[in-house]
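Student: My structure is below; once you've seen it, I'll send some questions.
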Amino acid sequence: MNLTLTSDTTSRSAILHIAGDVDYTTTPALVEAAVKLLADQPALRDLHLDCAQMTICDSSGISGLIAIHNRTSTAGVHLHLDRRPKFFDRILEITGILEHLISAPSARPGRAADVEMADESGAV
């Protein structure tokens with residue numbers, strides 16, 4: 001496993017620094033770290049993923065980023081992909097998901113529980 005995750009937080013924002021490979025073996029740790037930040041900081045409004053030291057991002061990594069986006073959007077938190085390496089920008093361009101990943105959260109404050117229920121049952 002070649003991934004190091006560190007974070008810097010304030011009451012309303014967090015930066016998750018990604019160093020190394022985001023692949024099949026490491027993506028669960030990345031998603032878990034992001035979910036933990038969301039759970040530990042209920043007033044969070046912005047989650048920044050600092051990608052400057054990311055070395056690889058495979059299809060599992062992209063799936064993990066989509067999962068993080070789904071969690072942040074549900075929580076009303078804006079996801080940012082900062083300091084992206086050129087190879088990662090190219091992957092995001094080819095897949096066409098950059099705008100989706102960094103779009104403003106769709107959940108209204110106080111509605112996160114309703115959105116989570118809709119995810120599980122298909123209806124609110």
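Going by the structure tokens order, chains are called A, B, ..., each with residues numbered from 1, while ligands are numbered from 1 in the order shown.
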From a DSSP pass on the backbone, collect the residues of chain A flagged as strand (DSSP E or B) and hand them back as a PDB file with N, CA and C atoms, in the first residue's frame.

Tutor:
```pdb
ATOM      1  N   LEU A   3       0.110   4.805   0.068  1.00  0.00           N
ATOM      2  CA  LEU A   3      -0.745   5.985   0.213  1.00  0.00           C
ATOM      3  C   LEU A   3      -0.565   6.543   1.617  1.00  0.00           C
ATOM      4  N   THR A   4      -0.376   7.853   1.672  1.00  0.00           N
ATOM      5  CA  THR A   4      -0.316   8.551   2.940  1.00  0.00           C
ATOM      6  C   THR A   4      -1.381   9.627   2.935  1.00  0.00           C
ATOM      7  N   LEU A   5      -2.186   9.668   3.991  1.00  0.00           N
ATOM      8  CA  LEU A   5      -3.251  10.659   4.120  1.00  0.00           C
ATOM      9  C   LEU A   5      -3.039  11.450   5.396  1.00  0.00           C
ATOM     10  N   THR A   6      -3.038  12.762   5.276  1.00  0.00           N
ATOM     11  CA  THR A   6      -2.964  13.639   6.441  1.00  0.00           C
ATOM     12  C   THR A   6      -4.027  14.712   6.266  1.00  0.00           C
ATOM     13  N   SER A   7      -4.427  15.320   7.362  1.00  0.00           N
ATOM     14  CA  SER A   7      -5.469  16.344   7.248  1.00  0.00           C
ATOM     15  C   SER A   7      -5.160  17.557   8.098  1.00  0.00           C
ATOM     16  N   ASP A   8      -5.688  18.672   7.643  1.00  0.00           N
ATOM     17  CA  ASP A   8      -5.676  19.938   8.376  1.00  0.00           C
ATOM     18  C   ASP A   8      -7.125  20.395   8.431  1.00  0.00           C
ATOM     19  N   THR A   9      -7.572  20.810   9.607  1.00  0.00           N
ATOM     20  CA  THR A   9      -8.972  21.174   9.737  1.00  0.00           C
ATOM     21  C   THR A   9      -9.166  22.491  10.470  1.00  0.00           C
ATOM     22  N   SER A  13     -13.863  23.977   7.446  1.00  0.00           N
ATOM     23  CA  SER A  13     -13.223  23.390   6.272  1.00  0.00           C
ATOM     24  C   SER A  13     -12.151  22.389   6.698  1.00  0.00           C
ATOM     25  N   ALA A  14     -11.858  21.495   5.767  1.00  0.00           N
ATOM     26  CA  ALA A  14     -10.826  20.487   6.007  1.00  0.00           C
ATOM     27  C   ALA A  14     -10.065  20.266   4.714  1.00  0.00           C
ATOM     28  N   ILE A  15      -8.781  19.991   4.860  1.00  0.00           N
ATOM     29  CA  ILE A  15      -7.936  19.613   3.729  1.00  0.00           C
ATOM     30  C   ILE A  15      -7.433  18.204   4.000  1.00  0.00           C
ATOM     31  N   LEU A  16      -7.683  17.314   3.060  1.00  0.00           N
ATOM     32  CA  LEU A  16      -7.164  15.954   3.136  1.00  0.00           C
ATOM     33  C   LEU A  16      -6.048  15.855   2.099  1.00  0.00           C
ATOM     34  N   HIS A  17      -4.809  15.743   2.568  1.00  0.00           N
ATOM     35  CA  HIS A  17      -3.637  15.665   1.690  1.00  0.00           C
ATOM     36  C   HIS A  17      -3.443  14.214   1.258  1.00  0.00           C
ATOM     37  N   ILE A  18      -3.373  14.014  -0.052  1.00  0.00           N
ATOM     38  CA  ILE A  18      -3.217  12.676  -0.628  1.00  0.00           C
ATOM     39  C   ILE A  18      -1.808  12.565  -1.190  1.00  0.00           C
ATOM     40  N   ALA A  19      -1.042  11.599  -0.713  1.00  0.00           N
ATOM     41  CA  ALA A  19       0.304  11.361  -1.237  1.00  0.00           C
ATOM     42  C   ALA A  19       0.423   9.889  -1.597  1.00  0.00           C
ATOM     43  N   GLY A  20       0.672   9.604  -2.871  1.00  0.00           N
ATOM     44  CA  GLY A  20       0.846   8.230  -3.304  1.00  0.00           C
ATOM     45  C   GLY A  20      -0.231   7.774  -4.264  1.00  0.00           C
ATOM     46  N   ASP A  21      -0.427   6.458  -4.290  1.00  0.00           N
ATOM     47  CA  ASP A  21      -1.317   5.811  -5.246  1.00  0.00           C
ATOM     48  C   ASP A  21      -2.751   5.746  -4.723  1.00  0.00           C
ATOM     49  N   VAL A  22      -3.692   6.142  -5.574  1.00  0.00           N
ATOM     50  CA  VAL A  22      -5.115   5.957  -5.272  1.00  0.00           C
ATOM     51  C   VAL A  22      -5.583   4.870  -6.229  1.00  0.00           C
ATOM     52  N   ASP A  46     -16.667  22.839   3.572  1.00  0.00           N
ATOM     53  CA  ASP A  46     -15.782  22.605   2.428  1.00  0.00           C
ATOM     54  C   ASP A  46     -14.791  21.505   2.769  1.00  0.00           C
ATOM     55  N   LEU A  47     -14.697  20.516   1.871  1.00  0.00           N
ATOM     56  CA  LEU A  47     -13.691  19.463   1.993  1.00  0.00           C
ATOM     57  C   LEU A  47     -12.778  19.572   0.780  1.00  0.00           C
ATOM     58  N   HIS A  48     -11.512  19.869   1.032  1.00  0.00           N
ATOM     59  CA  HIS A  48     -10.511  20.010  -0.023  1.00  0.00           C
ATOM     60  C   HIS A  48      -9.667  18.740  -0.060  1.00  0.00           C
ATOM     61  N   LEU A  49      -9.591  18.117  -1.226  1.00  0.00           N
ATOM     62  CA  LEU A  49      -8.668  17.008  -1.426  1.00  0.00           C
ATOM     63  C   LEU A  49      -7.454  17.589  -2.129  1.00  0.00           C
ATOM     64  N   ASP A  50      -6.323  17.610  -1.448  1.00  0.00           N
ATOM     65  CA  ASP A  50      -5.074  18.126  -2.010  1.00  0.00           C
ATOM     66  C   ASP A  50      -4.407  16.977  -2.759  1.00  0.00           C
ATOM     67  N   CYS A  51      -4.419  17.070  -4.072  1.00  0.00           N
ATOM     68  CA  CYS A  51      -3.960  15.975  -4.931  1.00  0.00           C
ATOM     69  C   CYS A  51      -2.529  16.164  -5.438  1.00  0.00           C
ATOM     70  N   ALA A  52      -1.819  17.158  -4.943  1.00  0.00           N
ATOM     71  CA  ALA A  52      -0.500  17.507  -5.475  1.00  0.00           C
ATOM     72  C   ALA A  52       0.478  16.340  -5.473  1.00  0.00           C
ATOM     73  N   GLN A  53       0.403  15.457  -4.491  1.00  0.00           N
ATOM     74  CA  GLN A  53       1.359  14.349  -4.405  1.00  0.00           C
ATOM     75  C   GLN A  53       0.740  13.003  -4.785  1.00  0.00           C
ATOM     76  N   MET A  54      -0.415  13.050  -5.424  1.00  0.00           N
ATOM     77  CA  MET A  54      -1.032  11.829  -5.944  1.00  0.00           C
ATOM     78  C   MET A  54      -0.172  11.330  -7.108  1.00  0.00           C
ATOM     79  N   THR A  55       0.129  10.033  -7.126  1.00  0.00           N
ATOM     80  CA  THR A  55       0.973   9.484  -8.182  1.00  0.00           C
ATOM     81  C   THR A  55       0.217   8.638  -9.194  1.00  0.00           C
ATOM     82  N   ILE A  56      -0.876   8.021  -8.766  1.00  0.00           N
ATOM     83  CA  ILE A  56      -1.704   7.178  -9.633  1.00  0.00           C
ATOM     84  C   ILE A  56      -3.148   7.330  -9.182  1.00  0.00           C
ATOM     85  N   CYS A  57      -4.068   7.293 -10.138  1.00  0.00           N
ATOM     86  CA  CYS A  57      -5.492   7.203  -9.807  1.00  0.00           C
ATOM     87  C   CYS A  57      -6.129   6.292 -10.853  1.00  0.00           C
ATOM     88  N   HIS A  78     -19.201  21.149   0.220  1.00  0.00           N
ATOM     89  CA  HIS A  78     -18.650  21.329  -1.121  1.00  0.00           C
ATOM     90  C   HIS A  78     -17.298  20.627  -1.221  1.00  0.00           C
ATOM     91  N   LEU A  79     -17.163  19.745  -2.204  1.00  0.00           N
ATOM     92  CA  LEU A  79     -15.921  19.018  -2.441  1.00  0.00           C
ATOM     93  C   LEU A  79     -15.050  19.803  -3.414  1.00  0.00           C
ATOM     94  N   HIS A  80     -13.761  19.919  -3.089  1.00  0.00           N
ATOM     95  CA  HIS A  80     -12.791  20.597  -3.948  1.00  0.00           C
ATOM     96  C   HIS A  80     -11.663  19.618  -4.260  1.00  0.00           C
ATOM     97  N   LEU A  81     -11.205  19.594  -5.499  1.00  0.00           N
ATOM     98  CA  LEU A  81     -10.045  18.792  -5.899  1.00  0.00           C
ATOM     99  C   LEU A  81      -8.931  19.772  -6.220  1.00  0.00           C
ATOM    100  N   ASP A  82      -8.052  19.999  -5.268  1.00  0.00           N
ATOM    101  CA  ASP A  82      -7.026  21.028  -5.374  1.00  0.00           C
ATOM    102  C   ASP A  82      -5.690  20.468  -5.843  1.00  0.00           C
TER     103      ASP A  82
END
```

Student: What does the distance from CA of Asn2 (chain A) to CA of Arg83 (chain A) come to in Å, to one decimal?

Tutor: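 Computed distance, CA of Asn2 (chain A) to CA of Arg83 (chain A), equals 19.4 Å.
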
Student: Can you tell me which residues surround Leu101 (chain A) at a distance of at most 10 Å, considering only C-alpha atoms, apart from same-chain residues fewer than 5 positions away, and format the answer as a list in words?

Tutor: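 So the residues in contact are Ile62, Leu65, Ile66, Ala67, Ile68, His69, Asn70, Thr72, Ser73, His78, Leu79, His80, Leu81, Leu92 and Gly96 of chain A.
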
Student: When DSSP is applied to the backbone of this structure, which of chain A are assigned helix (DSSP H, G or I)? Write them out as a ChimeraX atom specification.

Tutor: /A:27-40,59-75,86-95,98-101,112-121

Student: Using only C-alpha atoms, which residue out of A:Ala39, A:Ala75, A:Ile91, A:Ala33 lies closest to Ser59 (chain A)?

Tutor: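 When distances to Ser59 (chain A) are compared using only C-alpha atoms, the smallest one comes from A:Ile91.
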